[in-house]
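K.L.:
So that we are looking at the same thing, I have put the structure below in structure tokens.
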Amino acid sequence: MPAPLSASDLPLPLLHRGKVRDVYALGETELIIVATDRLSAFDVVLPDPIPGKGALLTQLSNFWFAKTAHLCPNHLLDAPLPVLLDCDIYRLRSVRCKRLRALPVEAIARGYLVGSGFKEYQATGSVCGLRLPSNLQLAEKLGAPIFTPSSKAAAGDHDENVSFDAVVALIGRDLAEQVRAATLAIYQFAAEFAADRGVIIADTKLEFGLDEQGKLLVMDEMLTPDSSRFWPADEYVIGKNPPSYDKQFARDYLESIQWNKKPPAPHLPKSVIYGTIARYAQAFTHLTAATNTQAMPQ
């Protein structure tokens, strides 16, 4: 396994250290984003990094950004990384991109009823204000994908599902409708693409920003095991949580030890660390049809 990177250290102005990504300024209009090996669960960063995770996330995001550029432009720049990033620890986990004004909303598309969406449905019969048919089961496929946004919580707080009207109040109706349309279009395209490769994308979270001209671009990451639920199609059964190619494996462990989901987070055993990266690598391999790539952990 490669040595993990818990935090980057570049001789550039550090703008933000997020749950996973470190964001640096490159001049006034560009950014360098480095995906570390940090893992968050329930909106808390865990103390143990997952070796090789950042490289896999970055390469999978770049794969999807290229595949979906016809649906929505993205933040990536067609320009080389600075020389200082031309080394093994940074090359595959770093991107050069446009500096955008991030929108204060998590754009989530759901094709299946699971996770917080299922819990909300059990309590209210709806998700984010959208009334759903009665008697739906856990992990059941919805008649059509739905847009179920959430708030962007401050560090240490939890994101919360919100209605479309709440998004309209935050960013205006025209922009909210653009975000909804782009989110559902990207999800639908990716879900069909993944289905042909034996993978169900149950849901996914996207982030958007505006450039200097006010144009909407998708940013941050796209359709990774950190931001999506990936299920093997051949093991999918309605009524139960399928095994997954994402961080649900780590979440399940944390649930099993009855952690209160507040900092400080507990340490992960090696079996969970290695099991998590193995599942991320499976997702990468299935979705990109790659059998040998330098982005894969050795």
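FYI, nothing fancy with the structure tokens labels: chains A, B, ... in order, residues from 1 per chain, ligands from 1 as they appear.
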Would you kindly return, as a PyMOL selection string, each protein, DNA or RNA residue with an atom no farther than 9 Å from any atom of stretch 206-213 of chain A, considering only C-alpha atoms and excluding same-chain residues fewer than 5 positions away?

P.N.:
chain A and resi 74-75+98-109+179+183+218-223+227

K.L.:
Given the selection you just returned, output its residues as a file containing C-alpha atoms, formatted as a compact mmCIF listing (two decimals), in the first residue's frame.

P.N.:
# COMPACT_ATOMS: atom_id res chain seq x y z
CA ASN A 74 -16.77 21.74 -14.98
CA HIS A 75 -14.01 23.51 -13.09
CA LYS A 98 -10.97 27.57 -12.12
CA ARG A 99 -11.68 29.58 -9.02
CA LEU A 100 -15.46 29.67 -8.66
CA ARG A 101 -18.02 31.10 -6.28
CA ALA A 102 -19.35 27.97 -4.63
CA LEU A 103 -23.11 27.68 -4.18
CA PRO A 104 -24.28 27.07 -0.59
CA VAL A 105 -26.09 23.81 -1.30
CA GLU A 106 -25.31 20.12 -1.72
CA ALA A 107 -27.00 18.93 -4.91
CA ILE A 108 -28.15 15.33 -4.42
CA ALA A 109 -29.85 13.02 -6.89
CA VAL A 179 -28.74 23.13 -10.51
CA THR A 183 -27.82 17.26 -11.18
CA VAL A 218 -19.88 21.52 -11.54
CA MET A 219 -16.90 21.41 -9.19
CA ASP A 220 -15.04 19.66 -6.37
CA GLU A 221 -15.58 15.94 -7.07
CA MET A 222 -17.94 13.85 -9.15
CA LEU A 223 -19.44 10.38 -8.72
CA SER A 227 -19.96 11.20 -2.71

K.L.:
Can you tell me, as an MDAnalysis selection string, which residues in stretch 41-248 of chain A count as alpha helix (DSSP H) by DSSP?

P.N.:
chainID A and resid 53:67 115:124 164:171 173:195 248

K.L.:
As an NGL selection string, please: every residue in stretch 99-138 of chain A that a backbone DSSP assignment puts in strand (DSSP E).

P.N.:
:A and (101-102 or 105-112 or 126-127 or 130-131)

K.L.:
Hey, what's within 9 Å of A:Gly117 if we count only C-alpha atoms and toss same-chain stuff fewer than 2 positions away? As a count of residues only, please?

P.N.:
14

K.L.:
Ranking A:Gly111, A:Pro149, A:Gly172, A:Pro243 by minimum distance to A:Tyr187 and counting only C-alpha atoms, which one comes first?

P.N.:
A:Gly111

K.L.:
If you count only C-alpha atoms, which residues fall within 12 Å of A:Thr276, apart from same-chain ones fewer than 5 positions away, as number ranges by chain?

P.N.:
A: 37, 39, 48-53, 225-226, 243-253, 268-271, 281-283

K.L.:
May I ask for the distance between atom CA of A:Gln258 and atom CA of A:Asn241, given in Å to one decimal place?

P.N.:
18.4 Å

K.L.:
Name all residues at most 12 Å from A:Gly27 (count only C-alpha atoms; drop same-chain ones fewer than 6 positions away) and give them as a PyMOL selection string.

P.N.:
chain A and resi 12-15+82+96-99

K.L.:
Write the residues you've just listed into a file as a compact mmCIF listing (two decimals), in the first residue's frame, and include N, CA and C atoms for each of them.

P.N.:
# COMPACT_ATOMS: atom_id res chain seq x y z
N LEU A 12 2.09 27.29 -1.37
CA LEU A 12 1.08 28.14 -1.99
C LEU A 12 0.12 28.59 -0.89
N PRO A 13 -0.59 29.69 -1.11
CA PRO A 13 -1.56 30.13 -0.10
C PRO A 13 -2.67 29.09 0.10
N LEU A 14 -2.81 28.60 1.31
CA LEU A 14 -3.85 27.63 1.62
C LEU A 14 -5.15 28.38 1.90
N LEU A 15 -6.17 28.12 1.09
CA LEU A 15 -7.46 28.79 1.24
C LEU A 15 -8.40 28.03 2.15
N PRO A 82 1.51 22.64 -11.82
CA PRO A 82 2.81 23.25 -11.55
C PRO A 82 3.88 22.18 -11.28
N ARG A 96 -5.74 21.19 -11.29
CA ARG A 96 -5.68 22.63 -11.50
C ARG A 96 -7.02 23.06 -12.07
N CYS A 97 -7.65 24.03 -11.45
CA CYS A 97 -9.02 24.35 -11.86
C CYS A 97 -9.35 25.83 -11.70
N LYS A 98 -10.50 26.20 -12.21
CA LYS A 98 -10.97 27.57 -12.12
C LYS A 98 -11.40 27.89 -10.69
N ARG A 99 -11.22 29.12 -10.32
CA ARG A 99 -11.68 29.58 -9.02
C ARG A 99 -13.12 30.07 -9.17
